[in-house]
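Engineer: One structure is given below, represented as structure tokens, and several questions about it will come after.
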Amino acid sequence: MSVVTTPADRPVPPASDPTFTPPGLGRRFGALVIDWVLCLLVAGSFADPVTDGWAPVLVLIAEYALFLGLFAQTPGMFITRVRCVSWADGGRIGVLRGLLRGVLLALVVPALIMDVNRRGLHDRAAGSVITTAPRR
């Protein structure tokens, strides 16, 4: 049996939702801390994160490219119940835009400059936004 979806069944994209409310900064920061710890653990398997500071940063960029591009959530985002979606249509951002977002996030400064929807420069460049993830 096939399921037919109608436009009313689809969530409203954040860009066209006047009631869109971004999740709090605490949840976003919590997700980043969890992801950073995971990156340190993974980087420790092939480099010394203390002397090779580039290793965890590269792992973080790769994590963002793959997890955001394919699943709309990193492991830290899953735990803190947030996700990263396309600002325009609410769908996944894809690997290339996830990579761009990860590279810009690694520069730190773009994340500190936010608009009213808490979209940092890295989000605006990648056409993404952080939203609350639905409960499963």
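To be explicit about the labels: the chains of the structure tokens are called A, B, and onward in the order shown, and within each one the residues are counted from 1, while ligands get numbers from 1 in the order they are shown.
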Give the helix (DSSP H, G or I) residues of segment 21-129 of chain A, as assigned by DSSP on the backbone, as number ranges by chain.

Structural biologist: A: 25-43, 54-71, 75-80, 94-106, 109-112, 121-126

Engineer: What's the 6 Å shell around segment 93-108 of chain A, counting only C-alpha atoms, without same-chain residues fewer than 3 positions away, as a short mmCIF file (atom, residue, chain, number, x, y, z; two decimals) with C-alpha atoms, in the first residue's frame?

Structural biologist:
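New file selection-v4.cif:
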data_model
loop_
_atom_site.label_atom_id
_atom_site.label_comp_id
_atom_site.auth_asym_id
_atom_site.auth_seq_id
_atom_site.Cartn_x
_atom_site.Cartn_y
_atom_site.Cartn_z
CA ILE A 61 35.03 18.93 9.16
CA TYR A 64 29.96 17.68 9.49
CA ALA A 65 30.22 16.94 5.77
CA LEU A 66 29.07 13.34 6.10
CA LEU A 68 24.94 16.76 8.11
CA GLY A 69 24.94 15.99 4.42
CA VAL A 85 18.43 21.56 7.51
CA SER A 86 18.18 23.66 4.38
CA ALA A 111 29.62 31.06 14.10
CA HIS A 122 28.53 29.51 8.23
CA ALA A 126 25.68 26.96 3.38
#

Engineer: Once DSSP has gone over the backbone, tell me which residues of chain A are in strand (DSSP E or B), as an MDAnalysis selection string.

Structural biologist: chainID A and resid 82:86 114 120 128:132

Engineer: Those residues you just picked out, can you put them in a file as a CSV table (one decimal), in the first residue's frame with N, CA and C atoms?

Structural biologist:
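Saved as selection-v3.csv:
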chain,number,residue,atom,x,y,z
A,82,VAL,N,18.7,18.5,18.1
A,82,VAL,CA,18.7,19.5,17.1
A,82,VAL,C,19.1,18.9,15.8
A,83,ARG,N,18.8,19.6,14.7
A,83,ARG,CA,19.3,19.2,13.4
A,83,ARG,C,19.6,20.4,12.5
A,84,CYS,N,20.3,20.1,11.4
A,84,CYS,CA,20.7,21.1,10.5
A,84,CYS,C,20.0,20.8,9.2
A,85,VAL,N,19.2,21.8,8.7
A,85,VAL,CA,18.4,21.6,7.5
A,85,VAL,C,18.6,22.8,6.6
A,86,SER,N,18.2,22.6,5.4
A,86,SER,CA,18.2,23.7,4.4
A,86,SER,C,17.2,24.8,4.8
A,114,MET,N,25.7,36.1,14.4
A,114,MET,CA,24.4,35.5,14.1
A,114,MET,C,23.3,36.5,13.8
A,120,GLY,N,24.4,31.6,11.9
A,120,GLY,CA,25.8,32.2,11.8
A,120,GLY,C,26.2,32.4,10.3
A,128,SER,N,21.8,26.9,5.4
A,128,SER,CA,21.3,26.0,6.4
A,128,SER,C,20.8,26.8,7.6
A,129,VAL,N,20.1,26.0,8.5
A,129,VAL,CA,19.6,26.5,9.8
A,129,VAL,C,19.5,25.4,10.7
A,130,ILE,N,19.8,25.7,12.0
A,130,ILE,CA,19.6,24.7,13.1
A,130,ILE,C,18.1,24.7,13.6
A,131,THR,N,17.5,23.6,13.6
A,131,THR,CA,16.1,23.5,14.1
A,131,THR,C,16.0,22.5,15.2
A,132,THR,N,14.9,22.5,15.9
A,132,THR,CA,14.7,21.4,16.9
A,132,THR,C,14.3,20.2,16.1

Engineer: Show me, as an mmCIF file with C-alpha atoms, in the first residue's frame, the residues that have an atom within 10 Å of Leu38 of chain A when counting only C-alpha atoms, minus same-chain residues fewer than 3 positions from it.

Structural biologist:
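Result written to part-v1.cif:
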data_model
loop_
_atom_site.group_PDB
_atom_site.id
_atom_site.type_symbol
_atom_site.label_atom_id
_atom_site.label_comp_id
_atom_site.auth_asym_id
_atom_site.auth_seq_id
_atom_site.Cartn_x
_atom_site.Cartn_y
_atom_site.Cartn_z
ATOM 1 C CA LEU A 32 29.327 20.999 19.473
ATOM 2 C CA VAL A 33 31.035 19.928 22.714
ATOM 3 C CA ILE A 34 29.859 16.326 22.281
ATOM 4 C CA ASP A 35 31.013 16.304 18.657
ATOM 5 C CA LEU A 41 38.735 10.377 20.391
ATOM 6 C CA VAL A 42 38.723 9.539 16.684
ATOM 7 C CA ALA A 43 41.744 11.749 15.960
ATOM 8 C CA GLY A 44 43.584 10.048 18.813
ATOM 9 C CA PRO A 56 40.577 16.756 15.389
ATOM 10 C CA VAL A 59 37.762 14.956 11.747
ATOM 11 C CA LEU A 60 35.180 17.614 12.736
ATOM 12 C CA GLU A 63 31.974 14.614 10.443
ATOM 13 C CA PRO A 75 25.958 12.528 16.876
ATOM 14 C CA GLY A 76 26.029 15.546 19.212
#

Engineer: For a quick check of understanding, using only C-alpha atoms, which of A:Gly90, A:Pro23, A:Pro13, A:Pro18 has the smallest distance to Arg119 of chain A?

Structural biologist: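 Selected residue with least distance to Arg119 of chain A: A:Pro23.
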
Engineer: Which is closest to Ala15 of chain A among A:Pro110, A:Gly53, A:Gly91, A:Pro134, if we use only C-alpha atoms?

Structural biologist: A:Gly91

Engineer: Neighbouring residues of Arg27 of chain A were defined as those with any atom within 8 Å, considering only C-alpha atoms; residues of the same chain fewer than 2 positions away were excluded. Please report them as a PDB file with C-alpha atoms, in the first residue's frame.

Structural biologist:
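Output saved as out_4.pdb:
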ATOM      1  CA  PRO A  23      16.631  26.118  19.434  1.00  0.00           C
ATOM      2  CA  GLY A  24      18.562  27.679  22.290  1.00  0.00           C
ATOM      3  CA  LEU A  25      22.284  28.313  22.122  1.00  0.00           C
ATOM      4  CA  PHE A  29      26.829  24.451  22.148  1.00  0.00           C
ATOM      5  CA  GLY A  30      26.176  21.124  23.876  1.00  0.00           C
ATOM      6  CA  ALA A  31      26.037  19.385  20.493  1.00  0.00           C
ATOM      7  CA  THR A  80      20.754  17.348  22.068  1.00  0.00           C
ATOM      8  CA  ARG A  81      17.752  16.964  19.706  1.00  0.00           C
ATOM      9  CA  VAL A  82      18.662  19.549  17.091  1.00  0.00           C
TER      10      VAL A  82
END
